[in-house]
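Input: a single structure, listed below in structure tokens.
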Amino acid sequence: MTAADQTRPSYFAADMPIPQPDRLTEPFWSGCRERRLLIQHCTVCGTYRHLPSDVCSNCQSTEYDWVESRGDGTVFTYTIVWHSVHSSTNQKIPYNVVVVQLDDCGGVLVMSNLVDCGPDDVRVGLPVELTWDDVGDDMVLYRFQRRS
């Protein structure tokens with residue numbers, strides 16, 4: 001079993017609102033339920049994009065597919081949240097929000113949380129890998145942990 005196949009205890013409390021997939025994001029969230037990080041990819045110019053969109057920001061094509069990322073990357077930037085924005089985060093304060101630059105998929109940036117670092121341990125350039133967070137209601141979220 002690889003680190004990307006492991007599931008950790010939920011990062012936030014059970015009452016945290018979960019994403020609501022729509023027509024455009026359903027393939028992404030379906031991939032997460034299968035523990036696969038899928039990134040949208042323009043089939044005309046090769047640009048990877050996240051968040052998913054109908055139109056490529058590089059060439060304005062509407063043609064795309066989905067490519068699976070290994071989920072390895074580095075922390076591109078981050079913030080530490082010190083004020084609760086929802087009751088489900090009350091017990092987690094302080095927590096981090098990281099932007100990870102993936103090693104594959106054109107170095108696309110994805111936002112999540114780093115689940116195994118305290119606020120003083122997060123840093124730009126930190127190597128990370130994918131992990132999964134079962135949050136219920138048939139929803140699995142991607143998170144990151146320090147690369148082993």
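Here, A, B, ... name the chains of the structure tokens in the order displayed, residue numbers run from 1 inside each chain, and ligands are numbered from 1 in the same displayed order.
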
So that I can check the secondary structure, give me every residue of region 11-73 of chain A assigned alpha helix (DSSP H) by backbone DSSP, as a PDB file with C-alpha atoms, in the first residue's frame.
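Output saved as out_33.pdb:
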ATOM      1  CA  GLU A  26     -18.260  15.624 -11.008  1.00  0.00           C
ATOM      2  CA  PRO A  27     -15.392  13.780 -12.790  1.00  0.00           C
ATOM      3  CA  PHE A  28     -12.922  15.293 -10.309  1.00  0.00           C
ATOM      4  CA  TRP A  29     -14.981  14.261  -7.244  1.00  0.00           C
ATOM      5  CA  SER A  30     -15.678  10.807  -8.716  1.00  0.00           C
ATOM      6  CA  GLY A  31     -11.926  10.361  -9.044  1.00  0.00           C
ATOM      7  CA  CYS A  32     -11.462  11.358  -5.398  1.00  0.00           C
ATOM      8  CA  ARG A  33     -14.038   8.760  -4.328  1.00  0.00           C
TER       9      ARG A  33
END

*asked:* Give me, as a list in words, all polymer residues having an atom no more than 9 Å from Ile93 (chain A), counting only C-alpha atoms and skipping those fewer than 2 positions away in the same chain.
replied: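 Contacts, in chain order: Ile80, Val81, Trp82, His83, Ser84, Thr89, Asn90, Gln91, Tyr95 and Asn96 of chain A.
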
Grab the residues selected above and save them as a PDB file, in the first residue's frame with N, CA and C atoms.
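Generated file (selection.pdb):
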ATOM      1  N   ILE A  80      -1.679  30.083   7.641  1.00  0.00           N
ATOM      2  CA  ILE A  80      -2.131  29.459   8.882  1.00  0.00           C
ATOM      3  C   ILE A  80      -3.391  30.201   9.316  1.00  0.00           C
ATOM      4  N   VAL A  81      -4.456  29.459   9.525  1.00  0.00           N
ATOM      5  CA  VAL A  81      -5.741  30.038   9.908  1.00  0.00           C
ATOM      6  C   VAL A  81      -5.838  30.036  11.429  1.00  0.00           C
ATOM      7  N   TRP A  82      -6.051  31.216  12.007  1.00  0.00           N
ATOM      8  CA  TRP A  82      -6.102  31.379  13.460  1.00  0.00           C
ATOM      9  C   TRP A  82      -7.496  31.693  13.971  1.00  0.00           C
ATOM     10  N   HIS A  83      -8.442  31.996  13.059  1.00  0.00           N
ATOM     11  CA  HIS A  83      -9.807  32.341  13.458  1.00  0.00           C
ATOM     12  C   HIS A  83     -10.774  31.372  12.789  1.00  0.00           C
ATOM     13  N   SER A  84     -11.585  30.739  13.580  1.00  0.00           N
ATOM     14  CA  SER A  84     -12.527  29.751  13.062  1.00  0.00           C
ATOM     15  C   SER A  84     -13.536  30.411  12.117  1.00  0.00           C
ATOM     16  N   THR A  89     -14.433  23.883  12.473  1.00  0.00           N
ATOM     17  CA  THR A  89     -12.993  24.159  12.569  1.00  0.00           C
ATOM     18  C   THR A  89     -12.587  24.639  13.955  1.00  0.00           C
ATOM     19  N   ASN A  90     -13.550  24.811  14.863  1.00  0.00           N
ATOM     20  CA  ASN A  90     -13.253  25.345  16.195  1.00  0.00           C
ATOM     21  C   ASN A  90     -12.154  24.579  16.913  1.00  0.00           C
ATOM     22  N   GLN A  91     -12.202  23.248  16.866  1.00  0.00           N
ATOM     23  CA  GLN A  91     -11.230  22.434  17.589  1.00  0.00           C
ATOM     24  C   GLN A  91      -9.922  22.243  16.818  1.00  0.00           C
ATOM     25  N   TYR A  95      -5.025  25.898  11.930  1.00  0.00           N
ATOM     26  CA  TYR A  95      -4.830  24.892  10.886  1.00  0.00           C
ATOM     27  C   TYR A  95      -4.257  25.571   9.650  1.00  0.00           C
ATOM     28  N   ASN A  96      -3.733  24.761   8.752  1.00  0.00           N
ATOM     29  CA  ASN A  96      -3.092  25.307   7.558  1.00  0.00           C
ATOM     30  C   ASN A  96      -3.965  25.119   6.332  1.00  0.00           C
TER      31      ASN A  96
END

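Straight-line separation from CA of Tyr78 (chain A) to CA of Val108 (chain A): 15.4 Å.
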
_To test your reading of the structure, identify every residue in chain A that backbone DSSP assigns to strand (DSSP E), and report it as number ranges by chain._
A: 7-8, 37-42, 48-49, 64-69, 73-81, 95-102, 109-112, 127-136, 139-146

*Selected residue, from A:Arg143, A:Pro52, A:Phe76, A:Gly107, that lies nearest to Pro21 (chain A) when counting only C-alpha atoms*: A:Pro52

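Each of A:Glu63, A:Asp54, A:Asp133, A:Asp138 was compared to Phe12 (chain A) using only C-alpha atoms, and A:Asp133 turns out to be the nearest.
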
*Distance criterion (only C-alpha atoms): nearest to Thr47 (chain A) out of A:Cys117, A:Thr74, A:Val128, A:Asp65*: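 Distance minimum relative to Thr47 (chain A) lands on A:Asp65.
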
*For Arg49 (chain A), the nearest of the candidates A:Val140, A:Tyr64, A:Arg123, A:Asp116, counting only C-alpha atoms*: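 Closest residue, counting only C-alpha atoms: A:Tyr64.
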
*Using only C-alpha atoms, which residues sit within 12 Å of Thr43 (chain A) once same-chain residues fewer than 5 positions away are excluded, as a PyMOL selection string?*
chain A and resi 48-49+55-56+58-67

*asked:* One decimal, in Å: what's the spacing between CA of Asn113 (chain A) and CA of Phe144 (chain A)?
replied: 6.1 Å

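With CA of Thr79 (chain A) on one side and CA of Tyr11 (chain A) on the other, the separation reads 16.3 Å.
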